[in-house]
file work03.cif (mmCIF, C-alpha atoms and all ligand atoms)
data_final
#
loop_
_atom_site.label_atom_id
_atom_site.label_comp_id
_atom_site.auth_asym_id
_atom_site.auth_seq_id
_atom_site.Cartn_x
_atom_site.Cartn_y
_atom_site.Cartn_z
CA MET A 1167 58.66 -27.76 -13.94
CA THR A 1168 55.36 -26.47 -12.60
CA ASP A 1169 52.85 -25.23 -15.15
CA LEU A 1170 50.26 -24.06 -12.67
CA LEU A 1171 51.08 -23.16 -9.07
CA LEU A 1172 47.94 -23.05 -6.91
CA LEU A 1173 47.96 -20.84 -3.82
CA PRO A 1174 44.57 -21.55 -2.22
CA GLY A 1175 45.20 -19.19 0.72
CA ASP A 1176 42.59 -18.46 3.38
CA GLY A 1177 38.84 -18.25 3.92
CA ILE A 1178 36.91 -19.40 0.87
CA GLY A 1179 40.18 -19.53 -1.12
CA PRO A 1180 40.75 -23.28 -0.63
CA GLU A 1181 37.08 -24.04 -1.42
CA VAL A 1182 37.02 -22.23 -4.75
CA THR A 1183 40.54 -23.34 -5.69
CA ALA A 1184 39.57 -26.99 -5.16
CA GLN A 1185 37.04 -26.58 -7.97
CA VAL A 1186 39.71 -25.08 -10.22
CA ARG A 1187 41.88 -28.10 -9.53
CA ARG A 1188 39.11 -30.56 -10.46
CA ILE A 1189 38.45 -28.68 -13.68
CA ALA A 1190 42.13 -28.34 -14.55
CA GLU A 1191 42.69 -32.07 -14.04
CA ALA A 1192 39.72 -32.92 -16.25
CA LEU A 1193 40.39 -30.35 -18.97
CA ALA A 1194 44.19 -30.39 -19.14
CA PRO A 1195 45.48 -33.59 -17.53
CA ASP A 1196 48.97 -32.87 -18.88
CA LEU A 1197 49.35 -29.72 -16.76
CA ALA A 1198 51.87 -30.07 -13.95
CA ILE A 1199 50.10 -28.62 -10.92
CA ALA A 1200 51.60 -27.83 -7.52
CA GLU A 1201 49.95 -26.37 -4.45
CA ARG A 1202 51.59 -24.28 -1.69
CA LEU A 1203 50.72 -22.37 1.48
CA PHE A 1204 50.26 -18.64 1.07
CA GLY A 1205 48.68 -15.89 3.16
CA GLY A 1206 47.45 -16.39 6.71
CA CYS A 1207 47.91 -20.15 6.60
CA SER A 1208 51.55 -19.66 5.60
CA TYR A 1209 52.01 -17.15 8.42
CA ASP A 1210 50.64 -19.74 10.87
CA ALA A 1211 52.99 -22.42 9.56
CA HIS A 1212 56.14 -20.41 8.78
CA GLY A 1213 55.71 -16.98 10.36
CA GLU A 1214 55.63 -15.40 6.88
CA PRO A 1215 52.62 -14.88 4.59
CA LEU A 1216 54.87 -15.43 1.57
CA THR A 1217 58.03 -17.48 2.03
CA GLN A 1218 61.04 -16.94 -0.23
CA ALA A 1219 60.67 -20.55 -1.40
CA VAL A 1220 57.08 -20.01 -2.56
CA LEU A 1221 57.98 -16.74 -4.26
CA ALA A 1222 60.79 -18.51 -6.11
CA GLU A 1223 58.39 -21.26 -7.21
CA ALA A 1224 55.86 -18.67 -8.33
CA LYS A 1225 58.47 -16.93 -10.48
CA ALA A 1226 59.50 -20.25 -12.01
CA ALA A 1227 55.96 -21.49 -12.80
CA LYS A 1228 54.13 -20.68 -16.02
CA ALA A 1229 51.07 -19.41 -14.17
CA VAL A 1230 50.10 -18.84 -10.56
CA LEU A 1231 46.50 -19.03 -9.40
CA MET A 1232 45.60 -17.67 -6.02
CA GLY A 1233 42.33 -18.20 -4.11
CA ALA A 1234 42.08 -15.47 -1.49
CA VAL A 1235 44.02 -14.28 1.54
CA GLY A 1236 43.25 -12.73 4.91
CA GLY A 1237 40.61 -12.82 7.59
CA PRO A 1238 39.87 -11.68 11.13
CA LYS A 1239 42.20 -14.33 12.55
CA TRP A 1240 45.23 -12.33 11.39
CA ALA A 1241 43.93 -8.85 12.19
CA GLY A 1242 46.46 -8.59 15.01
CA ALA A 1243 49.46 -9.85 13.07
CA PRO A 1244 52.30 -7.35 12.56
CA ARG A 1245 51.44 -5.21 9.55
CA ASP A 1246 54.29 -6.56 7.37
CA LYS A 1247 53.25 -10.14 8.17
CA ARG A 1248 49.56 -9.69 7.37
CA PRO A 1249 48.21 -11.99 4.65
CA GLU A 1250 47.52 -8.95 2.46
CA ALA A 1251 51.17 -7.90 2.78
CA GLY A 1252 52.05 -11.33 1.38
CA LEU A 1253 49.79 -10.71 -1.60
CA LEU A 1254 51.39 -7.34 -2.30
CA ALA A 1255 54.84 -8.94 -2.00
CA LEU A 1256 53.79 -11.66 -4.45
CA ARG A 1257 52.51 -9.10 -6.98
CA ALA A 1258 55.66 -7.01 -6.60
CA GLY A 1259 57.98 -10.03 -6.62
CA MET A 1260 56.40 -11.40 -9.79
CA GLU A 1261 56.44 -7.87 -11.29
CA VAL A 1262 52.89 -8.26 -12.57
CA PHE A 1263 52.11 -4.60 -13.13
CA ALA A 1264 49.02 -4.87 -15.34
CA ASN A 1265 45.91 -6.32 -13.76
CA LEU A 1266 43.20 -7.20 -16.26
CA ARG A 1267 39.76 -7.37 -14.65
CA PRO A 1268 37.06 -8.15 -17.20
CA ALA A 1269 33.54 -7.01 -16.33
CA LEU A 1270 31.45 -9.33 -18.38
CA CYS A 1271 27.78 -9.95 -17.83
CA PHE A 1272 26.73 -13.46 -18.76
CA GLN A 1273 23.36 -13.23 -20.49
CA PRO A 1274 21.44 -15.39 -17.97
CA LEU A 1275 22.76 -13.30 -15.08
CA ALA A 1276 21.51 -9.95 -16.33
CA ASP A 1277 18.73 -10.08 -13.73
CA ALA A 1278 21.17 -10.86 -10.90
CA SER A 1279 22.71 -7.39 -11.24
CA SER A 1280 21.42 -4.64 -9.00
CA LEU A 1281 21.10 -2.48 -12.13
CA LYS A 1282 18.29 -2.74 -14.66
CA ARG A 1283 18.63 -5.54 -17.18
CA GLU A 1284 18.94 -3.20 -20.18
CA LEU A 1285 21.93 -1.43 -18.60
CA VAL A 1286 24.00 -4.56 -18.08
CA GLU A 1287 22.81 -7.04 -20.71
CA GLY A 1288 25.73 -7.59 -23.09
CA LEU A 1289 28.12 -5.67 -20.83
CA ASP A 1290 31.74 -6.41 -21.69
CA PHE A 1291 34.50 -4.08 -20.63
CA MET A 1292 37.96 -4.49 -19.20
CA ILE A 1293 39.51 -2.67 -16.29
CA VAL A 1294 43.29 -2.47 -16.51
CA ARG A 1295 44.47 -1.73 -12.99
CA GLU A 1296 48.07 -0.74 -12.29
CA LEU A 1297 49.11 -3.32 -9.70
CA THR A 1298 52.65 -2.82 -8.44
CA GLY A 1299 52.84 0.91 -7.76
CA GLY A 1300 50.88 3.84 -6.39
CA ILE A 1301 49.67 4.24 -2.84
CA TYR A 1302 49.83 0.49 -2.17
CA PHE A 1303 53.62 0.61 -2.33
CA GLY A 1304 54.63 4.26 -1.96
CA ALA A 1305 57.02 5.36 0.77
CA PRO A 1306 56.95 6.81 3.31
CA ARG A 1307 54.10 5.08 5.08
CA PHE A 1308 53.68 5.05 8.82
CA ILE A 1309 51.48 5.86 11.79
CA GLU A 1310 53.10 8.06 14.43
CA ASP A 1311 52.10 9.37 17.83
CA LEU A 1312 51.70 13.11 18.02
CA PRO A 1313 53.19 15.01 20.97
CA GLY A 1314 49.86 16.53 21.98
CA GLY A 1315 48.05 13.20 21.78
CA GLY A 1316 46.39 11.59 18.83
CA ARG A 1317 48.26 10.02 15.95
CA ARG A 1318 49.11 10.79 12.35
CA ALA A 1319 48.99 8.28 9.45
CA VAL A 1320 50.73 8.75 6.13
CA ASP A 1321 50.47 6.82 2.86
CA THR A 1322 52.21 8.00 -0.28
CA GLN A 1323 50.81 7.95 -3.79
CA VAL A 1324 53.70 7.86 -6.24
CA TYR A 1325 54.02 7.08 -9.95
CA THR A 1326 56.85 7.40 -12.43
CA THR A 1327 56.66 7.87 -16.19
CA PRO A 1328 57.71 4.28 -17.02
CA GLU A 1329 55.20 2.81 -14.56
CA ILE A 1330 52.34 4.73 -16.14
CA GLU A 1331 53.53 4.09 -19.67
CA ARG A 1332 53.84 0.32 -19.40
CA VAL A 1333 50.34 -0.18 -17.99
CA ALA A 1334 48.79 2.28 -20.44
CA ARG A 1335 50.52 0.42 -23.28
CA VAL A 1336 48.79 -2.79 -22.20
CA ALA A 1337 45.44 -0.98 -22.20
CA PHE A 1338 45.94 0.47 -25.70
CA GLN A 1339 47.07 -2.88 -27.08
CA LEU A 1340 44.04 -4.62 -25.60
CA ALA A 1341 41.70 -2.00 -27.00
CA ARG A 1342 42.99 -2.65 -30.51
CA GLY A 1343 41.68 -6.20 -30.24
CA ARG A 1344 38.36 -4.99 -28.84
CA ARG A 1345 36.29 -1.88 -29.57
CA ASN A 1346 39.31 0.40 -29.85
CA LEU A 1347 38.41 2.73 -26.99
CA VAL A 1348 40.42 3.52 -23.85
CA HIS A 1349 39.20 5.56 -20.89
CA SER A 1350 42.03 6.67 -18.60
CA ALA A 1351 40.82 7.49 -15.09
CA GLU A 1352 42.71 9.64 -12.55
CA LYS A 1353 42.19 12.70 -10.37
CA SER A 1354 44.27 15.18 -12.32
CA ASN A 1355 42.08 17.95 -10.92
CA VAL A 1356 43.49 17.46 -7.41
CA MET A 1357 46.51 15.13 -7.50
CA ASP A 1358 49.95 15.68 -9.00
CA SER A 1359 50.21 11.95 -9.67
CA GLY A 1360 46.94 12.31 -11.60
CA LEU A 1361 48.37 15.18 -13.62
CA LEU A 1362 51.45 13.16 -14.55
CA TRP A 1363 49.24 10.15 -15.32
CA ARG A 1364 47.18 12.21 -17.78
CA GLU A 1365 50.27 13.71 -19.43
CA VAL A 1366 52.03 10.37 -19.87
CA VAL A 1367 48.93 8.66 -21.27
CA THR A 1368 48.35 11.57 -23.65
CA ASP A 1369 51.97 11.45 -24.92
CA LEU A 1370 52.01 7.69 -25.34
CA HIS A 1371 48.73 7.84 -27.22
CA ALA A 1372 50.08 10.48 -29.61
CA ARG A 1373 53.35 8.60 -30.14
CA GLU A 1374 52.16 5.00 -30.53
CA PHE A 1375 48.39 4.64 -30.42
CA SER A 1376 46.74 7.52 -32.25
CA ASP A 1377 44.49 4.96 -34.01
CA VAL A 1378 42.84 4.15 -30.67
CA ARG A 1379 40.18 6.49 -29.24
CA LEU A 1380 41.29 7.91 -25.90
CA GLU A 1381 39.02 9.56 -23.33
CA HIS A 1382 40.36 11.01 -20.08
CA ILE A 1383 37.91 10.73 -17.23
CA LEU A 1384 38.09 11.77 -13.57
CA ALA A 1385 37.95 8.70 -11.36
CA ASP A 1386 34.90 9.88 -9.41
CA ASN A 1387 33.05 10.52 -12.64
CA ALA A 1388 34.10 7.06 -13.87
CA ALA A 1389 32.48 5.56 -10.76
CA MET A 1390 29.28 7.42 -11.56
CA GLN A 1391 29.32 6.65 -15.31
CA MET A 1392 29.82 2.99 -14.50
CA VAL A 1393 26.42 2.76 -12.85
CA LYS A 1394 24.76 5.26 -15.19
CA ASN A 1395 25.79 3.77 -18.51
CA PRO A 1396 28.39 1.01 -18.08
CA LYS A 1397 28.25 -0.12 -21.70
CA GLN A 1398 30.04 3.08 -22.81
CA PHE A 1399 33.31 1.53 -21.58
CA ASP A 1400 35.61 -0.77 -23.51
CA VAL A 1401 38.99 -0.59 -21.72
CA LEU A 1402 39.39 1.49 -18.56
CA VAL A 1403 42.97 2.02 -17.37
CA THR A 1404 43.60 3.40 -13.93
CA ASP A 1405 45.93 3.34 -10.94
CA ASN A 1406 46.19 0.74 -8.20
CA LEU A 1407 43.78 2.26 -5.66
CA PHE A 1408 41.13 3.55 -8.08
CA GLY A 1409 41.34 0.22 -9.90
CA ASP A 1410 40.70 -1.67 -6.67
CA ILE A 1411 37.57 0.35 -6.00
CA LEU A 1412 36.23 0.55 -9.54
CA SER A 1413 36.68 -3.19 -10.09
CA ASP A 1414 34.51 -4.07 -7.08
CA GLU A 1415 31.88 -1.78 -8.54
CA ALA A 1416 32.26 -3.40 -11.94
CA ALA A 1417 31.91 -6.86 -10.39
CA GLN A 1418 28.54 -6.03 -8.93
CA LEU A 1419 27.35 -4.87 -12.38
CA THR A 1420 27.92 -8.40 -13.60
CA GLY A 1421 25.69 -9.88 -10.91
CA SER A 1422 28.04 -10.78 -8.09
CA LEU A 1423 31.52 -10.22 -6.73
CA GLY A 1424 31.76 -13.99 -7.07
CA MET A 1425 31.87 -13.69 -10.87
CA LEU A 1426 34.91 -11.51 -11.58
CA PRO A 1427 38.24 -13.13 -12.45
CA SER A 1428 41.51 -11.33 -13.02
CA ALA A 1429 44.86 -11.76 -14.71
CA ALA A 1430 47.95 -9.89 -13.56
CA LEU A 1431 50.60 -9.75 -16.25
CA GLY A 1432 54.17 -8.56 -16.37
CA ALA A 1433 56.72 -8.50 -19.14
CA PRO A 1434 56.02 -10.90 -22.05
CA GLY A 1435 57.13 -14.44 -21.27
CA LYS A 1436 56.96 -13.92 -17.49
CA PRO A 1437 54.37 -15.91 -15.48
CA GLY A 1438 51.00 -14.33 -14.85
CA LEU A 1439 49.20 -14.20 -11.52
CA TYR A 1440 45.52 -15.11 -11.65
CA GLU A 1441 43.12 -14.21 -8.87
CA PRO A 1442 39.38 -14.02 -8.40
CA ILE A 1443 38.83 -10.42 -7.33
CA HIS A 1444 36.64 -11.38 -4.36
CA GLY A 1445 38.32 -11.68 -0.99
CA SER A 1446 38.44 -14.49 1.54
CA ALA A 1447 34.81 -13.86 2.64
CA PRO A 1448 35.27 -15.00 6.26
CA ASP A 1449 31.51 -14.70 6.83
CA ILE A 1450 30.80 -17.67 4.56
CA ALA A 1451 34.15 -19.52 4.71
CA GLY A 1452 33.97 -23.19 5.57
CA GLN A 1453 30.33 -23.53 4.59
CA GLY A 1454 30.99 -24.76 1.05
CA ILE A 1455 28.64 -22.19 -0.50
CA ALA A 1456 31.07 -19.74 -2.13
CA ASN A 1457 30.73 -19.15 -5.86
CA PRO A 1458 33.76 -20.76 -7.54
CA LEU A 1459 33.15 -19.13 -10.94
CA ALA A 1460 35.49 -16.16 -10.45
CA ALA A 1461 38.26 -18.64 -9.62
CA ILE A 1462 37.30 -20.93 -12.50
CA LEU A 1463 37.24 -17.98 -14.89
CA SER A 1464 40.63 -16.91 -13.54
CA PHE A 1465 41.90 -20.33 -14.62
CA GLU A 1466 40.29 -19.68 -17.99
CA MET A 1467 42.36 -16.50 -18.23
CA ALA A 1468 45.49 -18.43 -17.20
CA LEU A 1469 44.92 -20.91 -20.03
CA ARG A 1470 44.62 -18.00 -22.44
CA TRP A 1471 47.34 -15.62 -21.26
CA SER A 1472 50.04 -17.81 -19.74
CA LEU A 1473 49.55 -21.46 -20.66
CA ASP A 1474 49.10 -20.96 -24.39
CA ARG A 1475 45.90 -23.03 -24.44
CA ALA A 1476 43.33 -20.65 -25.91
CA ASP A 1477 41.48 -23.68 -27.28
CA LEU A 1478 40.88 -25.01 -23.77
CA ALA A 1479 40.05 -21.52 -22.51
CA ASP A 1480 37.33 -21.23 -25.15
CA ARG A 1481 35.90 -24.59 -24.11
CA LEU A 1482 35.92 -23.69 -20.44
CA PHE A 1483 34.34 -20.30 -21.06
CA ALA A 1484 31.58 -21.88 -23.11
CA ALA A 1485 30.99 -24.53 -20.43
CA VAL A 1486 30.55 -21.84 -17.75
CA GLY A 1487 28.07 -20.04 -20.02
CA ARG A 1488 26.08 -23.23 -20.60
CA ALA A 1489 26.02 -24.11 -16.89
CA LEU A 1490 24.58 -20.65 -16.19
CA ASP A 1491 22.11 -21.02 -19.08
CA ARG A 1492 20.84 -24.19 -17.46
CA GLY A 1493 20.20 -22.35 -14.23
CA ALA A 1494 23.28 -23.28 -12.17
CA ARG A 1495 23.38 -20.68 -9.38
CA THR A 1496 25.22 -20.45 -6.09
CA THR A 1497 23.54 -18.50 -3.27
CA ASP A 1498 25.20 -15.18 -4.18
CA LEU A 1499 23.37 -15.46 -7.51
CA GLY A 1500 20.06 -16.27 -5.84
CA GLY A 1501 20.40 -20.05 -6.21
CA ALA A 1502 21.07 -22.94 -3.88
CA LEU A 1503 24.05 -24.80 -5.36
CA SER A 1504 27.05 -25.48 -3.19
CA THR A 1505 30.58 -24.64 -4.31
CA ALA A 1506 31.21 -28.25 -5.34
CA GLN A 1507 27.86 -28.52 -7.12
CA MET A 1508 28.73 -25.44 -9.18
CA GLY A 1509 32.00 -27.19 -10.02
CA ASP A 1510 29.98 -30.27 -11.01
CA ALA A 1511 27.72 -28.13 -13.22
CA VAL A 1512 30.71 -26.73 -15.12
CA LEU A 1513 32.37 -30.15 -15.36
CA ALA A 1514 29.16 -31.62 -16.75
CA GLN A 1515 29.24 -29.04 -19.56
CA LEU A 1516 32.86 -29.85 -20.40
C1 LIG B 1601 41.87 -7.02 -4.68
C2 LIG B 1601 41.86 -7.07 -3.16
C3 LIG B 1601 43.27 -6.81 -2.65
C4 LIG B 1601 43.68 -5.42 -3.09
C5 LIG B 1601 43.45 -6.98 -1.12
C6 LIG B 1601 43.03 -8.34 -0.64
C7 LIG B 1601 44.86 -6.69 -0.69
O1 LIG B 1601 40.93 -6.16 -2.67
O2 LIG B 1601 42.64 -7.77 -5.29
O3 LIG B 1601 41.10 -6.25 -5.25
O4 LIG B 1601 43.33 -4.42 -2.43
O5 LIG B 1601 44.37 -5.32 -4.10
MG MG B 1602 39.73 -5.25 -4.16
#

call {"tool": "encode", "arguments": {"input": "work03.cif", "output": "structure tokens"}}
result
Amino acid sequence: MTDLLLLPGDGIGPEVTAQVRRIAEALAPDLAIAERLFGGCSYDAHGEPLTQAVLAEAKAAKAVLMGAVGGPKWAGAPRDKRPEAGLLALRAGMEVFANLRPALCFQPLADASSLKRELVEGLDFMIVRELTGGIYFGAPRFIEDLPGGGRRAVDTQVYTTPEIERVARVAFQLARGRRNLVHSAEKSNVMDSGLLWREVVTDLHAREFSDVRLEHILADNAAMQMVKNPKQFDVLVTDNLFGDILSDEAAQLTGSLGMLPSAALGAPGKPGLYEPIHGSAPDIAGQGIANPLAAILSFEMALRWSLDRADLADRLFAAVGRALDRGARTTDLGGALSTAQMGDAVLAQL
């Protein structure tokens, strides 16, 4: 049985995932690791970005770690065969509805952020992004030709009570182990789905989590507060689309998009899906200069949340911190290390 299924994917995905593999083999030699095609490379080989066989293996593994998918090469592929469609099918197929995206600023990187040091030093908050619903999956969706010329495109934002409740529950539970504060972000001032979101979160809070502090915040204001005073946040729960946008913003607070890992979790006991939140970065792919830390920290989350090895996760986390303390920097962080050299720097600290 596979413990860790690696899906390196496209672009810089294989480069950063290779460093995860080196670290996993050194840190946890007993882990059974398998590697499969996924994304554009799977489309090239099999005509599908996610084959049924790979999905079945993902559901049977203990944890799945993905590198990145997509790139200009597949821009012309049919929309349901695009690498990104494979990623959405993987998330949906694994039923990983709660996406934990920690925005954590490592002390030595406080100057790498585009915000002032005092705003981001010690930053540690968690975005909980709903991952298997909302406008990413809502029907109908289409582009149609209009009789008078021009076209019309439709996407549908849709949420049900249970979908909102289960992701909000994860956020409240996490907050209890942290600073006990949840911000729930939506657009209840203009969207019906936002109204329902606010109602459901309010009810759940009253029923099960009245010991946790809850603040409702409009998503646009959350975006602004995140650059004004990011340390006010502890856990921020939001829908799929707002979570996508706000987590890129949060990543930059921590110094670089190359730093933010994520864990997508479903029902207890089901495998988690771990992904660096950066994309395939076609502009730097193949050069061996991508920052592997988001992928390495995603493996750290896998050790903690799916593989039941919190001890190893602690060691890995500390090793990343020490490597950064000693000045290890890839180019995105203003340094000159290659992807493999950053892997070396972490390995040296293990
Ligand atoms: C992310 C990415 C994906 C998303 C893309 C690659 C489909 O931006 O994980 O944040 O939009 O969810
Ligand atoms: Mg994104």

call {"tool": "closest_residue", "arguments": {"input": "work03.cif", "among": "A:Leu1482, A:Ala1451, A:Val1320, A:Leu1361", "to": "Phe1465 of chain A", "atoms": "all atoms listed in the file"}}
result
A:Leu1482

call {"tool": "residues_near_point", "arguments": {"input": "work03.cif", "point": "(49.0, -11.0, 10.4)", "cutoff": "10 Å", "atoms": "all atoms listed in the file", "output": "list of chain:residue names"}}
result
A:Gly1205, A:Gly1206, A:Cys1207, A:Tyr1209, A:Asp1210, A:Gly1213, A:Glu1214, A:Pro1215, A:Gly1236, A:Gly1237, A:Pro1238, A:Lys1239, A:Trp1240, A:Ala1241, A:Gly1242, A:Ala1243, A:Pro1244, A:Arg1245, A:Asp1246, A:Lys1247, A:Arg1248, A:Pro1249, A:Glu1250, A:Ala1251, A:Gly1252

call {"tool": "closest_atom_pairs", "arguments": {"input": "work03.cif", "of": "chain A", "to": "ligand MG 1602 (chain B)", "cutoff": "7 Å", "atoms": "all atoms listed in the file", "output": "JSON lines"}}
result
{"residue": "A:Asp1410", "atom": "CA", "partner": "B:MG1602", "partner_atom": "MG", "distance": 4.5}
{"residue": "A:Ile1411", "atom": "CA", "partner": "B:MG1602", "partner_atom": "MG", "distance": 6.3}
{"residue": "A:Ser1413", "atom": "CA", "partner": "B:MG1602", "partner_atom": "MG", "distance": 7.0}
{"residue": "A:Asp1414", "atom": "CA", "partner": "B:MG1602", "partner_atom": "MG", "distance": 6.1}
{"residue": "A:Ile1443", "atom": "CA", "partner": "B:MG1602", "partner_atom": "MG", "distance": 6.1}
{"residue": "A:His1444", "atom": "CA", "partner": "B:MG1602", "partner_atom": "MG", "distance": 6.9}

call {"tool": "closest_residue", "arguments": {"input": "work03.cif", "among": "A:Arg1202, A:Arg1283, A:Arg1488, A:Arg1295", "to": "ligand LIG 1601 (chain B)", "atoms": "only C-alpha atoms and all ligand atoms"}}
result
A:Arg1295

call {"tool": "closest_residue", "arguments": {"input": "work03.cif", "among": "A:Ala1389, A:Ala1255, A:Ala1192, A:Leu1281", "to": "ligand LIG 1601 (chain B)", "atoms": "all atoms listed in the file"}}
result
A:Ala1255

call {"tool": "atom_distance", "arguments": {"input": "work03.cif", "atom1": "atom CA of Leu1402 of chain A", "atom2": "atom CA of Gly1288 of chain A"}}
result
17.0 Å

call {"tool": "atom_distance", "arguments": {"input": "work03.cif", "atom1": "atom CA of Ala1224 of chain A", "atom2": "atom CA of Leu1469 of chain A"}}
result
16.2 Å

call {"tool": "residues_near_point", "arguments": {"input": "work03.cif", "point": "(42.1, 2.3, -28.7)", "cutoff": "10 Å", "atoms": "only C-alpha atoms", "output": "number ranges by chain"}}
result
A: 1337-1349, 1371, 1375-1381, 1400-1401

call {"tool": "residues_around", "arguments": {"input": "work03.cif", "residues": "segment 1275-1277 of chain A", "least_positions_apart": "4", "cutoff": "9 Å", "atoms": "only C-alpha atoms", "output": "PyMOL selection string"}}
result
chain A and resi 1271+1281-1288+1419-1421+1490-1491+1499

call {"tool": "write_last_selection", "arguments": {"input": "work03.cif", "atoms": "C-alpha atoms", "output": "PDB file, in the frame of the given file"}}
result
ATOM      1  CA  CYS A1271      27.780  -9.950 -17.830  1.00  0.00           C
ATOM      2  CA  LEU A1281      21.100  -2.480 -12.130  1.00  0.00           C
ATOM      3  CA  LYS A1282      18.290  -2.740 -14.660  1.00  0.00           C
ATOM      4  CA  ARG A1283      18.630  -5.540 -17.180  1.00  0.00           C
ATOM      5  CA  GLU A1284      18.940  -3.200 -20.180  1.00  0.00           C
ATOM      6  CA  LEU A1285      21.930  -1.430 -18.600  1.00  0.00           C
ATOM      7  CA  VAL A1286      24.000  -4.560 -18.080  1.00  0.00           C
ATOM      8  CA  GLU A1287      22.810  -7.040 -20.710  1.00  0.00           C
ATOM      9  CA  GLY A1288      25.730  -7.590 -23.090  1.00  0.00           C
ATOM     10  CA  LEU A1419      27.350  -4.870 -12.380  1.00  0.00           C
ATOM     11  CA  THR A1420      27.920  -8.400 -13.600  1.00  0.00           C
ATOM     12  CA  GLY A1421      25.690  -9.880 -10.910  1.00  0.00           C
ATOM     13  CA  LEU A1490      24.580 -20.650 -16.190  1.00  0.00           C
ATOM     14  CA  ASP A1491      22.110 -21.020 -19.080  1.00  0.00           C
ATOM     15  CA  LEU A1499      23.370 -15.460  -7.510  1.00  0.00           C
TER      16      LEU A1499
END

call {"tool": "build_atoms", "arguments": {"input": "work03.cif", "residues": "segment 1383-1397 of chain A", "atoms": "N, CA and C atoms", "output": "mmCIF file, in the coordinates of the input"}}
result
data_model
loop_
_atom_site.group_PDB
_atom_site.id
_atom_site.type_symbol
_atom_site.label_atom_id
_atom_site.label_comp_id
_atom_site.auth_asym_id
_atom_site.auth_seq_id
_atom_site.Cartn_x
_atom_site.Cartn_y
_atom_site.Cartn_z
ATOM 1 N N ILE A 1383 39.093 10.603 -18.083
ATOM 2 C CA ILE A 1383 37.910 10.730 -17.230
ATOM 3 C C ILE A 1383 38.371 10.832 -15.775
ATOM 4 N N LEU A 1384 37.755 11.703 -14.995
ATOM 5 C CA LEU A 1384 38.090 11.770 -13.570
ATOM 6 C C LEU A 1384 37.532 10.533 -12.885
ATOM 7 N N ALA A 1385 38.304 10.002 -11.944
ATOM 8 C CA ALA A 1385 37.950 8.700 -11.360
ATOM 9 C C ALA A 1385 36.580 8.717 -10.690
ATOM 10 N N ASP A 1386 36.226 9.835 -10.059
ATOM 11 C CA ASP A 1386 34.900 9.880 -9.410
ATOM 12 C C ASP A 1386 33.803 9.845 -10.469
ATOM 13 N N ASN A 1387 34.031 10.548 -11.555
ATOM 14 C CA ASN A 1387 33.050 10.520 -12.640
ATOM 15 C C ASN A 1387 32.961 9.111 -13.266
ATOM 16 N N ALA A 1388 34.117 8.435 -13.339
ATOM 17 C CA ALA A 1388 34.100 7.060 -13.870
ATOM 18 C C ALA A 1388 33.220 6.170 -13.002
ATOM 19 N N ALA A 1389 33.313 6.355 -11.673
ATOM 20 C CA ALA A 1389 32.480 5.560 -10.760
ATOM 21 C C ALA A 1389 31.006 5.815 -11.044
ATOM 22 N N MET A 1390 30.680 7.069 -11.295
ATOM 23 C CA MET A 1390 29.280 7.420 -11.560
ATOM 24 C C MET A 1390 28.833 6.898 -12.937
ATOM 25 N N GLN A 1391 29.678 7.110 -13.963
ATOM 26 C CA GLN A 1391 29.320 6.650 -15.310
ATOM 27 C C GLN A 1391 29.152 5.137 -15.360
ATOM 28 N N MET A 1392 29.873 4.446 -14.492
ATOM 29 C CA MET A 1392 29.820 2.990 -14.500
ATOM 30 C C MET A 1392 28.460 2.459 -14.061
ATOM 31 N N VAL A 1393 27.775 3.200 -13.206
ATOM 32 C CA VAL A 1393 26.420 2.760 -12.850
ATOM 33 C C VAL A 1393 25.360 3.449 -13.702
ATOM 34 N N LYS A 1394 25.734 4.540 -14.364
ATOM 35 C CA LYS A 1394 24.760 5.260 -15.190
ATOM 36 C C LYS A 1394 24.631 4.593 -16.565
ATOM 37 N N ASN A 1395 25.786 4.330 -17.158
ATOM 38 C CA ASN A 1395 25.790 3.770 -18.510
ATOM 39 C C ASN A 1395 27.056 2.927 -18.712
ATOM 40 N N PRO A 1396 27.122 1.772 -18.076
ATOM 41 C CA PRO A 1396 28.390 1.010 -18.080
ATOM 42 C C PRO A 1396 28.812 0.539 -19.468
ATOM 43 N N LYS A 1397 27.869 0.426 -20.389
ATOM 44 C CA LYS A 1397 28.250 -0.120 -21.700
ATOM 45 C C LYS A 1397 29.040 0.873 -22.549
#
